[in-house]
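Shown next, in structure tokens, is the structure this report addresses.
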Amino acid sequence: MVAGLMWNWVFPINKNLWTSSYVLFTAGMAGVALATLVWLVDLRGRKRWVAPFVTYGLNPMTAFVGSGMMARTMGLIHVSMGGESVSLQQAIYRGCFASWLSPRNASLAYAVAFVVLWYVILRVIERRGIVLKV
């Protein structure tokens with residue numbers, strides 16, 4: 001991180017251009033984050049809070065392919081809502097989230113709900129002892 005910040009004096013950090021100073025700085029930040037996690041989880045033994053990440057990491061391809069297929073399928077299925085034909089995704093978004101939240105918060109709530117839904121699916125798969133490997 002320090003090398004990236006020092007290089008910033010000569011060659012400014014610019015995310016859009018992926019400048020070398022940006023790469024050095026972000027790689028340093030990633031290294032510090034990884035070292036902190038190793039210290040917390042492996043050395044200090046604080047493992048309880050990482051359980052959701054373990055669940056996602058056990059079947060990552062299932063989560064990736066399954067959520068992509070689910071999202072596409074929900075976009076292809078059309079239902080009638082208020083006299084108009086909308087995708088299932090839009091119907092869920094409008095009915096469950098946009099009806100009582102601002103557009104920005106409704107979008108966030110929909111995304112979080114989708115991630116939580118896939119966490120539940122992956123947790124069920126994990127409890128049954130199913131691990132899909134490529």
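Just remember, in the structure tokens the first chain shown is A, the second B, etc., residues are 1-based per chain, and ligands are 1-based in the order shown.
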
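Near region 4-18 of chain A, within 12 Å and counting only C-alpha atoms, sit Tyr22, Val23, Leu24, Phe25, Thr26, Ala27, Gly28 and Met29 of chain A; same-chain residues fewer than 4 positions away were not included.
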
Preceding selection exported with N, CA and C atoms as a tab-separated table (two decimals), in the first residue's frame:
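Written out: part-v2.tsv:
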```
chain	number	residue	atom	x	y	z
A	22	TYR	N	-2.31	2.31	-8.84
A	22	TYR	CA	-3.59	1.74	-8.39
A	22	TYR	C	-3.43	0.26	-8.08
A	23	VAL	N	-2.75	-0.46	-8.97
A	23	VAL	CA	-2.55	-1.90	-8.78
A	23	VAL	C	-1.72	-2.17	-7.53
A	24	LEU	N	-0.66	-1.41	-7.34
A	24	LEU	CA	0.17	-1.58	-6.13
A	24	LEU	C	-0.63	-1.30	-4.86
A	25	PHE	N	-1.39	-0.22	-4.87
A	25	PHE	CA	-2.17	0.14	-3.70
A	25	PHE	C	-3.22	-0.90	-3.37
A	26	THR	N	-4.01	-1.32	-4.36
A	26	THR	CA	-5.07	-2.29	-4.11
A	26	THR	C	-4.51	-3.67	-3.77
A	27	ALA	N	-3.38	-4.05	-4.37
A	27	ALA	CA	-2.76	-5.32	-4.01
A	27	ALA	C	-2.27	-5.27	-2.56
A	28	GLY	N	-1.75	-4.13	-2.15
A	28	GLY	CA	-1.35	-3.97	-0.75
A	28	GLY	C	-2.53	-4.06	0.19
A	29	MET	N	-3.64	-3.43	-0.19
A	29	MET	CA	-4.84	-3.51	0.64
A	29	MET	C	-5.35	-4.94	0.73
```

Item checked: region 5-127 of chain A: residues DSSP assigns to alpha helix (DSSP H), reported as a VMD selection string -> chain A and resid 5 to 8 20 to 37 51 to 58 60 to 76 88 to 92 103 to 127

Item checked: Selection: 8 Å around Ala63 (chain A), only C-alpha atoms, excl. self and same-chain fewer than 5 positions, as a list in words ->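 Once the nearby chain positions are removed, what remains is Tyr56, Trp118 and Leu122 of chain A.
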
Notebook entry, point to check: Glu126 (chain A): which residues within 12 Å, counting only C-alpha atoms, same-chain residues fewer than 4 positions away excluded, as an MDAnalysis selection string?
Noted result: chainID A and resid 51:52 54:60 62:63 118:122 130:132

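For region 25-87 of chain A, backbone-based DSSP assignment of strand (DSSP E) covers His78, Val79, Ser80, Met81, Glu84, Ser85, Val86 and Ser87 of chain A.
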
Mind dumping the selected residues with C-alpha atoms as an mmCIF file, in the first residue's frame?
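File out.cif, as written:
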```
data_model
loop_
_atom_site.group_PDB
_atom_site.id
_atom_site.type_symbol
_atom_site.label_atom_id
_atom_site.label_comp_id
_atom_site.auth_asym_id
_atom_site.auth_seq_id
_atom_site.Cartn_x
_atom_site.Cartn_y
_atom_site.Cartn_z
ATOM 1 C CA HIS A 78 -43.875 -13.438 -17.473
ATOM 2 C CA VAL A 79 -46.824 -12.878 -15.168
ATOM 3 C CA SER A 80 -49.713 -10.450 -15.195
ATOM 4 C CA MET A 81 -49.384 -7.651 -12.669
ATOM 5 C CA GLU A 84 -49.489 -5.562 -17.642
ATOM 6 C CA SER A 85 -47.179 -8.445 -18.413
ATOM 7 C CA VAL A 86 -43.957 -8.257 -16.402
ATOM 8 C CA SER A 87 -41.169 -10.703 -15.715
#
```

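Here the question is which of A:Ala3, A:Ala35, A:Met61, A:Ala91 gets nearest to Met74 (chain A) using only C-alpha atoms, and that residue is A:Ala91.
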